[in-house]
Amino acid sequence: KMDAFIAENSHPEFRIFLSADPSTGIPIGILERSIKLTNEPPQGMLANLRRSFALFSKEDFEDRDAKVKAILFALCHFHSLMLERKKFGPMGYNMKYPFNAGDLRDSAQVLYNYLEGSSAVKIPWDDLRYIFGEIMYGGHIVDDWDRRMCSRYLLYFMRDELLDEIEMVPYADGKLSWPSPQPGGHERYLEHIETMPTESPLFFGMHPNAEINFRTTQCNSCCE
């Protein structure tokens, strides 16, 4: 496409630099006059869940079975929790882990392979939890306590109650509530995402005071 663009009356001195890595070879003066595009990671549970769910097209989602839709939504929510938990620093994880959209896509593919076309009545929750928690996401995790935390999240979400209605805020003891969406189409799930309550450490099964350290660190980095 760039070759075709260049052939269509572009200026002979036009130049384009595409880079995903920091570069010291481009003069500062050119950088200051250039148009720079960046893709910032989403901030907050709502933005993360929106992006996670957007990885799956409407057409593909509508073709899935109701139980696959429910599990896929829970998987997107779990992925958002794993990403956003990083902001709590040492209280979130003992180490930093490079979770990414590929983990979610691969986990979804495993889900499709296990359930699509299967005549089994019982969902293999143990298999799914092991693959998601020990291979897909657990493949990044090297700390035993972080691995245990990941397995506890999956133990909460990946169970039969998910197919009916489950509380999407794990281990909050009723202090914060957000039920799972009712079975339906793609639009219903999108509408349900927008009903997410105000973000709180309770979303992660943490004490509300966990936000104090996060906000202090955020304020210090902003002032610096």
# chains A, B, ... in the order shown; residues from 1 in each chain; ligands from 1
$ residues_around --residues "His207 in chain A" --least-positions-apart "4" --cutoff "12 Å" --atoms "only C-alpha atoms" --output "ChimeraX atom specification"
/A:88,91-92,171-173,175-176,200-203,211-213
$ residues_around --residues "range 100-110 of chain A" --least-positions-apart "2" --cutoff "9 Å" --atoms "only C-alpha atoms" --output "PyMOL selection string"
chain A and resi 52+55-56+72+75-76+79+83+98+112-115+128+131-132+136-137
$ write_last_selection --atoms "N, CA and C atoms" --output "CSV table (one decimal), in the first residue's frame"
chain,number,residue,atom,x,y,z
A,52,SER,N,-10.4,-6.5,25.4
A,52,SER,CA,-10.3,-7.9,25.4
A,52,SER,C,-11.5,-8.5,24.6
A,55,LEU,N,-11.4,-8.3,20.7
A,55,LEU,CA,-10.6,-9.2,20.0
A,55,LEU,C,-11.4,-10.2,19.1
A,56,PHE,N,-12.6,-10.4,19.5
A,56,PHE,CA,-13.4,-11.4,18.9
A,56,PHE,C,-14.6,-10.8,18.1
A,72,LEU,N,-16.3,-17.6,27.3
A,72,LEU,CA,-15.4,-16.7,26.6
A,72,LEU,C,-15.4,-15.3,27.3
A,75,LEU,N,-13.5,-15.5,30.4
A,75,LEU,CA,-12.1,-15.5,30.1
A,75,LEU,C,-11.6,-14.1,29.8
A,76,CYS,N,-12.4,-13.3,29.1
A,76,CYS,CA,-12.0,-11.9,28.8
A,76,CYS,C,-11.9,-11.1,30.1
A,79,HIS,N,-8.8,-12.2,31.9
A,79,HIS,CA,-7.6,-11.6,31.2
A,79,HIS,C,-7.4,-10.1,31.7
A,83,LEU,N,-4.2,-8.4,33.7
A,83,LEU,CA,-3.5,-7.3,33.2
A,83,LEU,C,-3.5,-6.1,34.1
A,98,PRO,N,4.7,-10.6,31.3
A,98,PRO,CA,4.3,-10.0,30.0
A,98,PRO,C,3.0,-10.6,29.4
A,112,TYR,N,-12.5,-23.3,22.1
A,112,TYR,CA,-13.3,-23.7,20.9
A,112,TYR,C,-13.0,-25.2,20.6
A,113,ASN,N,-11.7,-25.6,20.6
A,113,ASN,CA,-11.3,-27.0,20.3
A,113,ASN,C,-12.0,-28.0,21.3
A,114,TYR,N,-12.1,-27.6,22.5
A,114,TYR,CA,-12.6,-28.5,23.5
A,114,TYR,C,-14.1,-28.6,23.5
A,115,LEU,N,-14.8,-27.5,23.2
A,115,LEU,CA,-16.3,-27.5,23.3
A,115,LEU,C,-17.0,-27.6,22.0
A,128,LEU,N,-9.6,-27.2,31.4
A,128,LEU,CA,-9.6,-25.8,31.0
A,128,LEU,C,-8.8,-25.0,32.0
A,131,ILE,N,-5.0,-25.8,31.6
A,131,ILE,CA,-4.4,-25.2,30.4
A,131,ILE,C,-4.3,-23.7,30.5
A,132,PHE,N,-5.4,-23.1,31.0
A,132,PHE,CA,-5.3,-21.6,31.1
A,132,PHE,C,-4.3,-21.2,32.2
A,136,MET,N,-1.1,-21.4,29.4
A,136,MET,CA,-1.3,-20.1,28.6
A,136,MET,C,-0.8,-19.0,29.5
A,137,TYR,N,-1.4,-18.8,30.6
A,137,TYR,CA,-1.0,-17.7,31.5
A,137,TYR,C,0.1,-18.1,32.5
$ residues_around --residues "range 143-156 of chain A" --least-positions-apart "6" --cutoff "7 Å" --atoms "only C-alpha atoms" --output "list in words"
Tyr93, Asn94, Arg129, Gly133 and Pro170 of chain A
$ write_last_selection --atoms "all heavy atoms" --output "PDB file, in the first residue's frame"
ATOM      1  N   TYR A  93       1.530  -8.403  42.034  1.00  0.00           N
ATOM      2  CA  TYR A  93       2.362  -9.558  41.681  1.00  0.00           C
ATOM      3  C   TYR A  93       3.714  -9.430  42.374  1.00  0.00           C
ATOM      4  O   TYR A  93       4.196  -8.316  42.613  1.00  0.00           O
ATOM      5  CB  TYR A  93       2.602  -9.625  40.166  1.00  0.00           C
ATOM      6  CG  TYR A  93       1.378  -9.911  39.333  1.00  0.00           C
ATOM      7  CD1 TYR A  93       0.805  -8.914  38.553  1.00  0.00           C
ATOM      8  CD2 TYR A  93       0.803 -11.175  39.314  1.00  0.00           C
ATOM      9  CE1 TYR A  93      -0.307  -9.170  37.777  1.00  0.00           C
ATOM     10  CE2 TYR A  93      -0.312 -11.438  38.532  1.00  0.00           C
ATOM     11  CZ  TYR A  93      -0.857 -10.427  37.767  1.00  0.00           C
ATOM     12  OH  TYR A  93      -1.966 -10.677  36.995  1.00  0.00           O
ATOM     13  N   ASN A  94       4.324 -10.565  42.632  1.00  0.00           N
ATOM     14  CA  ASN A  94       5.675 -10.547  43.186  1.00  0.00           C
ATOM     15  C   ASN A  94       6.721 -10.264  42.109  1.00  0.00           C
ATOM     16  O   ASN A  94       7.836  -9.855  42.417  1.00  0.00           O
ATOM     17  CB  ASN A  94       5.992 -11.881  43.859  1.00  0.00           C
ATOM     18  CG  ASN A  94       5.218 -12.057  45.164  1.00  0.00           C
ATOM     19  OD1 ASN A  94       4.958 -11.091  45.870  1.00  0.00           O
ATOM     20  ND2 ASN A  94       4.849 -13.286  45.472  1.00  0.00           N
ATOM     21  N   ARG A 129      -9.031 -25.232  33.307  1.00  0.00           N
ATOM     22  CA  ARG A 129      -8.288 -24.482  34.331  1.00  0.00           C
ATOM     23  C   ARG A 129      -6.795 -24.778  34.249  1.00  0.00           C
ATOM     24  O   ARG A 129      -5.968 -23.876  34.426  1.00  0.00           O
ATOM     25  CB  ARG A 129      -8.827 -24.827  35.726  1.00  0.00           C
ATOM     26  CG  ARG A 129     -10.146 -24.165  36.074  1.00  0.00           C
ATOM     27  CD  ARG A 129     -10.442 -24.263  37.561  1.00  0.00           C
ATOM     28  NE  ARG A 129     -10.656 -25.647  37.979  1.00  0.00           N
ATOM     29  CZ  ARG A 129     -11.850 -26.213  38.125  1.00  0.00           C
ATOM     30  NH1 ARG A 129     -12.949 -25.527  37.856  1.00  0.00           N
ATOM     31  NH2 ARG A 129     -11.961 -27.469  38.532  1.00  0.00           N
ATOM     32  N   GLY A 133      -4.406 -21.829  33.327  1.00  0.00           N
ATOM     33  CA  GLY A 133      -3.627 -21.389  34.480  1.00  0.00           C
ATOM     34  C   GLY A 133      -2.204 -21.873  34.528  1.00  0.00           C
ATOM     35  O   GLY A 133      -1.334 -21.200  35.108  1.00  0.00           O
ATOM     36  N   PRO A 170     -14.712 -11.406  42.123  1.00  0.00           N
ATOM     37  CA  PRO A 170     -14.341 -12.559  42.950  1.00  0.00           C
ATOM     38  C   PRO A 170     -13.955 -12.187  44.370  1.00  0.00           C
ATOM     39  O   PRO A 170     -13.274 -11.192  44.608  1.00  0.00           O
ATOM     40  CB  PRO A 170     -13.143 -13.155  42.199  1.00  0.00           C
ATOM     41  CG  PRO A 170     -12.522 -11.979  41.492  1.00  0.00           C
ATOM     42  CD  PRO A 170     -13.681 -11.082  41.127  1.00  0.00           C
TER      43      PRO A 170
END
$ atom_distance --atom1 "CA of Met158 in chain A" --atom2 "CA of Trp125 in chain A"
6.1 Å
$ closest_residue --among "A:Glu224, A:Asp160, A:Glu187, A:Glu84" --to "Glu62 in chain A" --atoms "only C-alpha atoms"
A:Glu187
$ atom_distance --atom1 "CA of Val68 in chain A" --atom2 "CA of Ile123 in chain A"
10.2 Å
$ closest_residue --among "A:Ile16, A:Val121, A:Met45, A:Met196" --to "Glu167 in chain A" --atoms "only C-alpha atoms"
A:Met196
$ atom_distance --atom1 "CA of Ile35 in chain A" --atom2 "CA of Pro22 in chain A"
15.6 Å
$ closest_residue --among "A:Ala47, A:Ala4, A:Asp164, A:Glu134" --to "His77 in chain A" --atoms "only C-alpha atoms"
A:Ala47
$ closest_atom_pairs --of "range 1-112 of chain A" --to "range 188-195 of chain A" --cutoff "8 Å" --atoms "only C-alpha atoms" --output "tab-separated table"
residue	atom	partner	partner_atom	distance
A:Leu46	CA	A:Ile193	CA	7.3
A:Leu49	CA	A:Ile193	CA	7.4
A:Arg50	CA	A:Ile193	CA	7.2
$ closest_residue --among "A:Asp63, A:Gly174, A:His140, A:Thr216" --to "Lys96 in chain A" --atoms "only C-alpha atoms"
A:His140
$ select_by_dssp --residues "range 81-175 of chain A" --states "helix (DSSP H, G or I)" --output "number ranges by chain"
A: 81-91, 101-115, 125-136, 144-157, 160-163
$ closest_atom_pairs --of "range 67-100 of chain A" --to "range 217-223 of chain A" --cutoff "12 Å" --atoms "only C-alpha atoms" --output "JSON lines"
{"residue": "A:Lys87", "atom": "CA", "partner": "A:Gln218", "partner_atom": "CA", "distance": 9.0}
{"residue": "A:Phe88", "atom": "CA", "partner": "A:Thr217", "partner_atom": "CA", "distance": 9.1}
{"residue": "A:Gly89", "atom": "CA", "partner": "A:Thr217", "partner_atom": "CA", "distance": 9.2}
{"residue": "A:Pro90", "atom": "CA", "partner": "A:Thr217", "partner_atom": "CA", "distance": 11.7}
$ write_last_selection --atoms "all heavy atoms" --output "PDB file, in the first residue's frame"
ATOM      1  N   LYS A  87      -0.972  -2.857  38.148  1.00  0.00           N
ATOM      2  CA  LYS A  87      -0.858  -1.483  38.643  1.00  0.00           C
ATOM      3  C   LYS A  87      -0.645  -1.412  40.154  1.00  0.00           C
ATOM      4  O   LYS A  87      -0.203  -0.381  40.663  1.00  0.00           O
ATOM      5  CB  LYS A  87      -2.101  -0.684  38.262  1.00  0.00           C
ATOM      6  CG  LYS A  87      -3.360  -1.086  39.009  1.00  0.00           C
ATOM      7  CD  LYS A  87      -4.549  -0.262  38.539  1.00  0.00           C
ATOM      8  CE  LYS A  87      -5.820  -0.595  39.300  1.00  0.00           C
ATOM      9  NZ  LYS A  87      -6.968   0.177  38.793  1.00  0.00           N
ATOM     10  N   PHE A  88      -0.947  -2.499  40.863  1.00  0.00           N
ATOM     11  CA  PHE A  88      -0.772  -2.498  42.313  1.00  0.00           C
ATOM     12  C   PHE A  88       0.659  -2.828  42.729  1.00  0.00           C
ATOM     13  O   PHE A  88       0.935  -2.940  43.918  1.00  0.00           O
ATOM     14  CB  PHE A  88      -1.742  -3.486  42.956  1.00  0.00           C
ATOM     15  CG  PHE A  88      -3.189  -3.087  42.811  1.00  0.00           C
ATOM     16  CD1 PHE A  88      -3.999  -3.717  41.885  1.00  0.00           C
ATOM     17  CD2 PHE A  88      -3.720  -2.079  43.589  1.00  0.00           C
ATOM     18  CE1 PHE A  88      -5.324  -3.350  41.742  1.00  0.00           C
ATOM     19  CE2 PHE A  88      -5.046  -1.702  43.456  1.00  0.00           C
ATOM     20  CZ  PHE A  88      -5.857  -2.337  42.525  1.00  0.00           C
ATOM     21  N   GLY A  89       1.536  -2.989  41.754  1.00  0.00           N
ATOM     22  CA  GLY A  89       2.944  -3.228  42.061  1.00  0.00           C
ATOM     23  C   GLY A  89       3.161  -4.522  42.824  1.00  0.00           C
ATOM     24  O   GLY A  89       2.582  -5.557  42.500  1.00  0.00           O
ATOM     25  N   PRO A  90       3.976  -4.479  43.883  1.00  0.00           N
ATOM     26  CA  PRO A  90       4.267  -5.701  44.654  1.00  0.00           C
ATOM     27  C   PRO A  90       3.041  -6.330  45.303  1.00  0.00           C
ATOM     28  O   PRO A  90       3.049  -7.525  45.611  1.00  0.00           O
ATOM     29  CB  PRO A  90       5.254  -5.213  45.723  1.00  0.00           C
ATOM     30  CG  PRO A  90       5.852  -3.969  45.152  1.00  0.00           C
ATOM     31  CD  PRO A  90       4.762  -3.329  44.345  1.00  0.00           C
TER      32      PRO A  90
END
$ closest_residue --among "A:Gln182, A:Asn48, A:Asn209, A:Ser177" --to "Pro197 in chain A" --atoms "only C-alpha atoms"
A:Ser177
